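start13.cif follows (mmCIF, C-alpha atoms):
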```cif
data_data
#
loop_
_atom_site.label_atom_id
_atom_site.label_comp_id
_atom_site.auth_asym_id
_atom_site.auth_seq_id
_atom_site.Cartn_x
_atom_site.Cartn_y
_atom_site.Cartn_z
CA ALA A 1 12.51 -24.55 31.80
CA PRO A 2 15.10 -22.67 29.74
CA THR A 3 16.45 -24.32 26.63
CA PRO A 4 19.68 -24.10 24.63
CA PHE A 5 17.77 -22.04 22.05
CA PRO A 6 19.32 -18.66 22.98
CA ILE A 7 22.88 -19.85 22.49
CA MET A 8 22.14 -21.51 19.17
CA THR A 9 20.19 -18.47 18.04
CA THR A 10 23.12 -16.22 18.84
CA ILE A 11 25.48 -18.39 16.82
CA CYS A 12 23.05 -18.33 13.92
CA ALA A 13 22.74 -14.56 14.23
CA LEU A 14 26.46 -14.25 13.61
CA THR A 15 26.89 -16.84 10.85
CA VAL A 16 23.64 -17.65 9.03
CA PRO A 17 23.66 -16.59 5.37
CA SER A 18 20.69 -14.81 3.88
CA VAL A 19 18.26 -16.86 1.86
CA VAL A 20 17.50 -15.32 -1.51
CA ARG A 21 14.64 -16.54 -3.68
CA PRO A 22 15.51 -18.14 -7.03
CA ALA A 23 15.45 -15.95 -10.11
CA THR A 24 12.09 -17.43 -11.09
CA ALA A 25 10.41 -16.21 -7.90
CA LYS A 26 7.89 -13.39 -7.90
CA ARG A 27 10.31 -10.89 -6.41
CA ASP A 28 14.10 -10.79 -6.29
CA VAL A 29 14.64 -9.13 -2.95
CA ARG A 30 18.21 -8.16 -3.83
CA ALA A 31 16.88 -5.98 -6.62
CA ARG A 32 14.95 -3.85 -4.14
CA ALA A 33 17.76 -2.92 -1.80
CA PHE A 34 16.77 0.56 -0.65
CA GLY A 35 16.20 1.98 -4.09
CA GLY A 36 19.06 0.03 -5.68
CA LYS A 37 19.17 -1.60 -9.11
CA LYS A 38 17.72 -4.82 -10.38
CA ALA A 39 20.06 -7.60 -11.46
CA GLY A 40 19.52 -6.63 -15.10
CA GLY A 41 20.72 -3.10 -14.46
CA VAL A 42 17.27 -1.45 -14.47
CA ALA A 43 16.73 0.90 -11.56
CA ALA A 44 14.14 -0.16 -9.00
CA ALA A 45 11.27 2.17 -8.18
CA VAL A 46 12.65 5.25 -6.43
CA PRO A 47 10.74 6.29 -3.28
CA ARG A 48 9.32 9.80 -3.53
CA ALA A 49 8.77 12.23 -0.67
CA GLY A 50 5.09 12.29 0.23
CA GLN A 51 4.39 8.98 -1.52
CA THR A 52 1.91 6.72 0.30
CA TYR A 53 2.08 2.91 0.23
CA ALA A 54 -0.90 0.64 0.73
CA ASP A 55 1.02 -2.03 2.63
CA ILE A 56 4.47 -3.40 3.36
CA GLY A 57 4.62 -5.22 0.00
CA ALA A 58 4.25 -1.91 -1.82
CA ALA A 59 7.00 -0.38 0.31
CA VAL A 60 9.28 -3.36 -0.51
CA ASP A 61 8.53 -2.92 -4.22
CA ALA A 62 9.46 0.76 -3.98
CA GLY A 63 12.83 -0.11 -2.46
CA LEU A 64 12.12 1.46 0.93
CA LEU A 65 12.96 -1.71 2.84
CA GLN A 66 14.24 -5.21 2.18
CA ALA A 67 12.45 -8.50 2.48
CA SER A 68 13.84 -12.02 2.21
CA ALA A 69 12.58 -15.48 1.37
CA PRO A 70 10.24 -17.00 2.28
CA PHE A 71 8.63 -13.63 3.10
CA GLU A 72 9.31 -11.80 -0.15
CA ASP A 73 6.46 -9.37 0.58
CA GLY A 74 7.75 -8.58 4.06
CA ILE A 75 6.00 -9.24 7.38
CA ASP A 76 3.74 -6.70 9.05
CA LEU A 77 1.64 -8.53 11.63
CA PHE A 78 0.38 -5.36 13.31
CA GLY A 79 -0.35 -3.28 10.22
CA PHE A 80 2.26 -0.58 10.82
CA PHE A 81 2.81 -0.24 7.08
CA LYS A 82 -0.85 0.10 6.13
CA ASN A 83 -1.21 3.32 4.13
CA ILE A 84 2.19 4.46 5.37
CA ASP A 85 3.93 7.43 3.83
CA GLN A 86 7.46 7.45 2.47
CA ALA A 87 9.02 9.32 5.37
CA GLU A 88 7.64 6.97 8.01
CA ALA A 89 8.57 3.83 6.06
CA GLN A 90 12.08 5.18 5.57
CA ARG A 91 12.38 5.83 9.31
CA TYR A 92 11.16 2.31 10.19
CA ALA A 93 13.74 0.78 7.83
CA ASP A 94 16.55 2.80 9.39
CA VAL A 95 15.43 1.97 12.93
CA GLU A 96 15.35 -1.76 12.12
CA ILE A 97 18.90 -1.75 10.79
CA THR A 98 20.18 0.27 13.74
CA HIS A 99 18.58 -1.99 16.34
CA GLY A 100 19.78 -5.08 14.47
CA ARG A 101 23.37 -3.84 14.65
CA LEU A 102 23.05 -3.13 18.36
CA ALA A 103 21.51 -6.56 18.93
CA MET A 104 24.40 -8.30 17.17
CA LEU A 105 26.88 -6.46 19.40
CA ALA A 106 24.80 -7.26 22.48
CA SER A 107 24.59 -10.96 21.61
CA VAL A 108 28.37 -11.21 21.32
CA GLY A 109 28.85 -9.09 24.43
CA PHE A 110 26.62 -11.34 26.53
CA ILE A 111 28.65 -14.45 25.76
CA VAL A 112 32.11 -12.84 25.83
CA GLY A 113 31.35 -10.97 29.05
CA GLU A 114 30.41 -14.17 30.84
CA GLN A 115 33.49 -16.00 29.59
CA VAL A 116 35.94 -13.38 30.89
CA GLU A 117 34.16 -12.52 34.15
CA GLY A 118 36.23 -13.02 37.25
CA SER A 119 39.43 -12.17 35.35
CA SER A 120 41.42 -8.97 35.41
CA PHE A 121 40.35 -8.39 31.82
CA LEU A 122 36.90 -7.27 32.98
CA PHE A 123 37.27 -4.38 35.43
CA ASP A 124 39.83 -6.22 37.57
CA ALA A 125 37.42 -9.07 38.42
CA GLN A 126 34.87 -6.70 39.97
CA VAL A 127 32.06 -7.81 37.64
CA THR A 128 30.51 -11.24 38.20
CA GLY A 129 27.32 -13.21 37.69
CA PRO A 130 24.99 -13.43 34.70
CA ALA A 131 25.60 -10.92 31.91
CA VAL A 132 22.20 -9.37 32.48
CA ASN A 133 23.58 -8.01 35.78
CA HIS A 134 27.01 -6.92 34.56
CA PHE A 135 26.10 -3.42 33.52
CA GLN A 136 24.93 -2.43 36.98
CA GLN A 137 28.29 -3.46 38.46
CA VAL A 138 30.63 -1.45 36.27
CA PRO A 139 32.35 1.57 37.85
CA LEU A 140 31.14 5.13 37.33
CA PRO A 141 33.89 6.16 34.84
CA PHE A 142 32.61 3.50 32.46
CA TRP A 143 29.10 4.97 32.61
CA ILE A 144 30.48 8.45 31.89
CA GLY A 145 32.58 7.22 28.98
CA LEU A 146 29.71 5.21 27.53
CA GLY A 147 27.35 8.16 27.82
CA ALA A 148 29.83 10.38 25.99
CA LEU A 149 30.25 7.79 23.24
CA ILE A 150 26.49 7.42 22.78
CA PHE A 151 26.10 11.20 22.64
CA PHE A 152 28.79 11.46 19.95
CA VAL A 153 27.36 8.62 17.85
CA GLU A 154 23.76 9.84 18.07
CA THR A 155 24.75 13.42 17.29
CA SER A 156 26.60 12.21 14.18
CA ARG A 157 23.60 10.11 13.11
CA VAL A 158 21.24 13.05 13.43
CA GLN A 159 23.46 15.33 11.39
CA ILE A 160 23.92 12.77 8.61
CA ALA A 161 20.41 11.40 8.25
CA TRP A 162 17.79 13.64 9.80
CA GLN A 163 16.20 16.85 8.63
CA SER A 164 16.47 19.87 10.89
CA PRO A 165 13.27 20.15 13.00
CA PHE A 166 13.32 23.90 12.30
CA ASP A 167 13.16 23.38 8.53
CA ALA A 168 11.13 20.16 8.18
CA SER A 169 7.37 20.11 7.75
CA ARG A 170 7.07 17.90 10.84
CA LEU A 171 9.27 16.28 13.47
CA PHE A 172 11.30 13.08 13.03
CA LEU A 173 11.77 13.34 9.28
CA MET A 174 14.84 11.83 7.63
CA LYS A 175 16.50 13.37 4.62
CA ASP A 176 14.81 12.25 1.41
CA ASP A 177 18.07 11.03 -0.12
CA HIS A 178 19.22 9.12 2.98
CA THR A 179 19.73 5.38 2.52
CA PRO A 180 18.64 3.56 5.71
CA GLY A 181 21.67 2.32 7.62
CA ASP A 182 24.20 4.32 5.59
CA TYR A 183 26.09 6.62 7.96
CA GLY A 184 29.12 7.93 6.17
CA LYS A 185 30.07 4.61 4.54
CA PHE A 186 31.64 3.28 7.74
CA ASP A 187 33.93 0.41 6.69
CA PRO A 188 37.18 0.48 8.72
CA LEU A 189 38.31 -2.92 7.36
CA GLY A 190 37.65 -2.01 3.75
CA LEU A 191 35.47 -5.06 3.13
CA SER A 192 33.34 -3.27 0.54
CA LYS A 193 36.24 -1.72 -1.36
CA ASN A 194 36.06 -2.30 -5.13
CA ARG A 195 32.90 -4.40 -4.79
CA ASP A 196 30.06 -4.21 -7.30
CA GLU A 197 26.45 -3.36 -6.47
CA GLU A 198 25.28 -6.99 -6.57
CA TRP A 199 27.84 -7.99 -3.92
CA LEU A 200 26.87 -4.99 -1.78
CA ASP A 201 23.14 -5.78 -2.06
CA VAL A 202 23.68 -9.40 -0.96
CA HIS A 203 25.72 -8.36 2.06
CA ARG A 204 23.33 -5.57 3.03
CA LEU A 205 20.60 -8.18 3.12
CA ARG A 206 22.76 -10.55 5.15
CA GLU A 207 23.47 -7.82 7.67
CA LEU A 208 19.78 -7.02 7.94
CA ASN A 209 18.72 -10.65 8.36
CA ASN A 210 21.44 -11.38 10.92
CA GLY A 211 20.34 -8.28 12.81
CA ARG A 212 16.73 -9.45 12.81
CA LEU A 213 17.78 -12.83 14.19
CA ALA A 214 20.06 -11.18 16.76
CA MET A 215 17.15 -9.10 18.08
CA VAL A 216 15.27 -12.32 18.79
CA ALA A 217 18.41 -13.92 20.26
CA ILE A 218 19.26 -11.15 22.71
CA THR A 219 15.65 -10.99 23.87
CA ALA A 220 15.69 -14.73 24.58
CA MET A 221 19.01 -14.51 26.41
CA VAL A 222 17.82 -11.69 28.67
CA VAL A 223 14.60 -13.53 29.48
CA GLN A 224 16.50 -16.74 30.25
CA GLU A 225 18.94 -15.05 32.62
CA LEU A 226 16.20 -13.09 34.38
CA ASN A 227 14.35 -16.38 34.84
CA THR A 228 17.25 -18.54 36.07
CA GLY A 229 19.78 -16.08 37.49
CA LEU A 230 22.51 -18.23 35.89
CA ASN A 231 25.10 -17.80 33.16
CA LEU A 232 23.89 -18.84 29.72
CA ILE A 233 26.41 -21.43 28.59
CA LEU A 234 26.79 -23.21 31.91
CA SER A 235 23.04 -23.50 32.46
CA ASP A 236 22.49 -24.75 28.90
CA GLU A 237 25.22 -27.38 29.26
CA VAL A 238 23.72 -28.69 32.51
CA LEU A 239 20.27 -28.74 30.94
CA GLU A 240 21.59 -30.70 27.96
CA MET A 241 23.43 -33.22 30.16
CA LYS A 242 20.79 -33.98 32.79
CA GLY A 243 17.61 -32.08 31.95
CA GLY A 244 15.42 -29.63 33.81
CA GLY A 245 15.85 -31.21 37.22
CA ALA A 246 19.60 -30.59 37.23
CA LEU A 247 19.09 -27.04 35.99
CA LYS A 248 16.61 -26.31 38.76
CA ALA A 249 19.05 -27.71 41.32
CA MET A 250 21.87 -25.54 39.99
CA GLU A 251 19.59 -22.53 40.05
CA ALA A 252 18.66 -23.18 43.69
CA GLN A 253 22.28 -23.72 44.70
CA CYS A 254 24.06 -20.98 42.76
CA ALA A 255 21.70 -18.15 41.75
CA GLY A 256 22.41 -15.06 43.83
CA THR A 257 25.62 -16.37 45.41
CA ALA A 258 28.66 -14.11 45.78
CA ASP A 259 30.48 -15.91 42.96
CA GLU A 260 27.72 -17.40 40.86
CA ASN A 261 30.07 -18.30 38.02
CA ALA A 262 32.44 -20.37 40.20
CA CYS A 263 29.48 -22.11 41.86
CA ALA A 264 27.91 -22.91 38.48
CA LYS A 265 31.20 -24.25 37.11
CA ALA A 266 31.63 -26.50 40.14
CA PHE A 267 28.06 -27.75 39.81
CA GLU A 268 28.53 -28.42 36.10
CA ALA A 269 31.73 -30.39 36.82
CA ALA A 270 29.86 -32.43 39.43
CA VAL A 271 27.07 -33.15 36.95
CA ALA A 272 29.58 -34.22 34.31
CA ALA A 273 31.30 -36.49 36.86
CA GLY A 274 27.99 -37.93 38.00
CA THR A 275 28.47 -36.81 41.61
CA ALA A 276 25.95 -33.96 41.77
CA ALA A 277 22.93 -34.47 43.99
CA PHE A 278 19.59 -33.19 42.70
#
```
Translate the structure of the given file into structure tokens.
Amino acid sequence: APTPFPIMTTICALTVPSVVRPATAKRDVRARAFGGKKAGGVAAAVPRAGQTYADIGAAVDAGLLQASAPFEDGIDLFGFFKNIDQAEAQRYADVEITHGRLAMLASVGFIVGEQVEGSSFLFDAQVTGPAVNHFQQVPLPFWIGLGALIFFVETSRVQIAWQSPFDASRLFLMKDDHTPGDYGKFDPLGLSKNRDEEWLDVHRLRELNNGRLAMVAITAMVVQELNTGLNLILSDEVLEMKGGGALKAMEAQCAGTADENACAKAFEAAVAAGTAAF
């Protein structure tokens, strides 16, 4: 049966601070922030084009990617970083940051979308049901606008970070001087203005760790909704109040109905009042 884990994970993905090892630890992960500087002001090892790294720990030491306690050497369960070259490690680091950012947006979007469904705020109440089914219900103009936005963003990313395939020695090479995740210093709120490198390193690591957690969270939320056919928060509240039996009853009664959200809210109210039959 589904658990409240996805909701709690999402909250953590938005608020949990990064854990940094004490100064006495083997490696200060903040000192290796993508070729940044150590706390004492000494530059970390600078990744060189064509350089090969024996494992993920060597790539972390070179500043190609960030690790965090308690995994100061990084985690590479499938051996992707075994004897990896600089260009590939740089690309992996950039891909991780990008997907983490998307996952944080998706985690928020899942919860917010379900809370405003049925109101005029969301496409004049045309979109209903679990968030995993919202995207299929949006009108065609939204698809066109979203496609145009994605095209613009991806085109900008390619121009900023990637080498021209006509000039590079092979396909999918990033520019040697590109810092993973840095696309034109995008900071519309000015949060990083007049901040020193130590502050920036800490918050880069927090962003990365929250993104990693958000990728796990959004995966769990999608799996839960595909399994139950119910909105996240309502199903988790019923599960917490009365256990798996009540959740199964709500799933049987409400999943797939014309207004799943209204049905689930009514069922939850009946459970809270002690009048639901299951």
Running the PyMOL selection byres ((chain A and resi 160-170) around 10) on this model by hand, what would come out? Give it as a PyMOL selection string. chain A and resi 91+94+154-159+171-184
re atom CA of A:Trp143 and atom CA of A:Gln126: distance 15.0 Å
Check what the PyMOL selection byres ((chain A and resi 96) around 9) selects in the file above and give those residues as JSON, numbers by chain. {"A": [91, 92, 93, 94, 95, 97, 98, 99, 100, 101, 180, 181, 208, 211, 212]}
What does the distance between atom CA of A:Asn83 and atom CA of A:Thr52 come to in Å, to one decimal place? 6.0 Å
Work out how far apart atom CA of A:Val60 and atom CA of A:Gly190 are and give it in Å to one decimal.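 Separation between atom CA of A:Val60 and atom CA of A:Gly190: 28.7 Å.
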For the file shown, what are the residues hit by the PyMOL selection byres ((chain A and resi 102-112) around 9), laid out as a CSV table (one decimal) with C-alpha atoms, in the coordinates of the input?
```csv
chain,number,residue,atom,x,y,z
A,7,ILE,CA,22.9,-19.8,22.5
A,10,THR,CA,23.1,-16.2,18.8
A,11,ILE,CA,25.5,-18.4,16.8
A,13,ALA,CA,22.7,-14.6,14.2
A,14,LEU,CA,26.5,-14.2,13.6
A,97,ILE,CA,18.9,-1.8,10.8
A,98,THR,CA,20.2,0.3,13.7
A,99,HIS,CA,18.6,-2.0,16.3
A,100,GLY,CA,19.8,-5.1,14.5
A,101,ARG,CA,23.4,-3.8,14.6
A,113,GLY,CA,31.4,-11.0,29.0
A,114,GLU,CA,30.4,-14.2,30.8
A,115,GLN,CA,33.5,-16.0,29.6
A,116,VAL,CA,35.9,-13.4,30.9
A,117,GLU,CA,34.2,-12.5,34.2
A,130,PRO,CA,25.0,-13.4,34.7
A,131,ALA,CA,25.6,-10.9,31.9
A,132,VAL,CA,22.2,-9.4,32.5
A,210,ASN,CA,21.4,-11.4,10.9
A,211,GLY,CA,20.3,-8.3,12.8
A,212,ARG,CA,16.7,-9.4,12.8
A,213,LEU,CA,17.8,-12.8,14.2
A,214,ALA,CA,20.1,-11.2,16.8
A,215,MET,CA,17.2,-9.1,18.1
A,216,VAL,CA,15.3,-12.3,18.8
A,217,ALA,CA,18.4,-13.9,20.3
A,218,ILE,CA,19.3,-11.2,22.7
A,219,THR,CA,15.6,-11.0,23.9
A,221,MET,CA,19.0,-14.5,26.4
A,231,ASN,CA,25.1,-17.8,33.2
A,232,LEU,CA,23.9,-18.8,29.7
A,233,ILE,CA,26.4,-21.4,28.6
```
Which residue out of A:Val271, A:Ala87, A:Cys263, A:Ala276 has the minimum interatomic distance to A:Glu251 when all atoms listed in the file are used? A:Cys263
Neighbourhood query: residues within 12 Å of (20.4, -33.2, 32.3), file coordinates, counting only C-alpha atoms; return as a PyMOL selection string. chain A and resi 1+3-4+234-250+268+270-272+274+276+278
List every residue of stretch 38-140 of chain A that has an atom at most 12 Å from any atom of stretch 252-255 of chain A, and for each one report the closest atom pair and its distance in Å to one decimal, counting only C-alpha atoms, with rows sorted by chain and then by increasing residue number, as a Markdown table.
```
| residue | atom | partner | partner_atom | distance |
| --- | --- | --- | --- | --- |
| A:Thr128 | CA | A:Ala255 | CA | 11.7 |
| A:Gly129 | CA | A:Ala255 | CA | 8.5 |
| A:Pro130 | CA | A:Ala255 | CA | 9.1 |
| A:Asn133 | CA | A:Ala255 | CA | 11.9 |
```
Output file for the selection above: C-alpha atoms, as an mmCIF file, keeping the file's coordinate frame:
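And here is the file that came out, selection08.cif:
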```
data_model
loop_
_atom_site.group_PDB
_atom_site.id
_atom_site.type_symbol
_atom_site.label_atom_id
_atom_site.label_comp_id
_atom_site.auth_asym_id
_atom_site.auth_seq_id
_atom_site.Cartn_x
_atom_site.Cartn_y
_atom_site.Cartn_z
ATOM 1 C CA THR A 128 30.510 -11.240 38.200
ATOM 2 C CA GLY A 129 27.320 -13.210 37.690
ATOM 3 C CA PRO A 130 24.990 -13.430 34.700
ATOM 4 C CA ASN A 133 23.580 -8.010 35.780
#
```
Residue with smallest distance to A:Ser68 - pool A:Glu198, A:Leu205, A:Ala266, A:Val222, counting all atoms listed in the file: A:Leu205
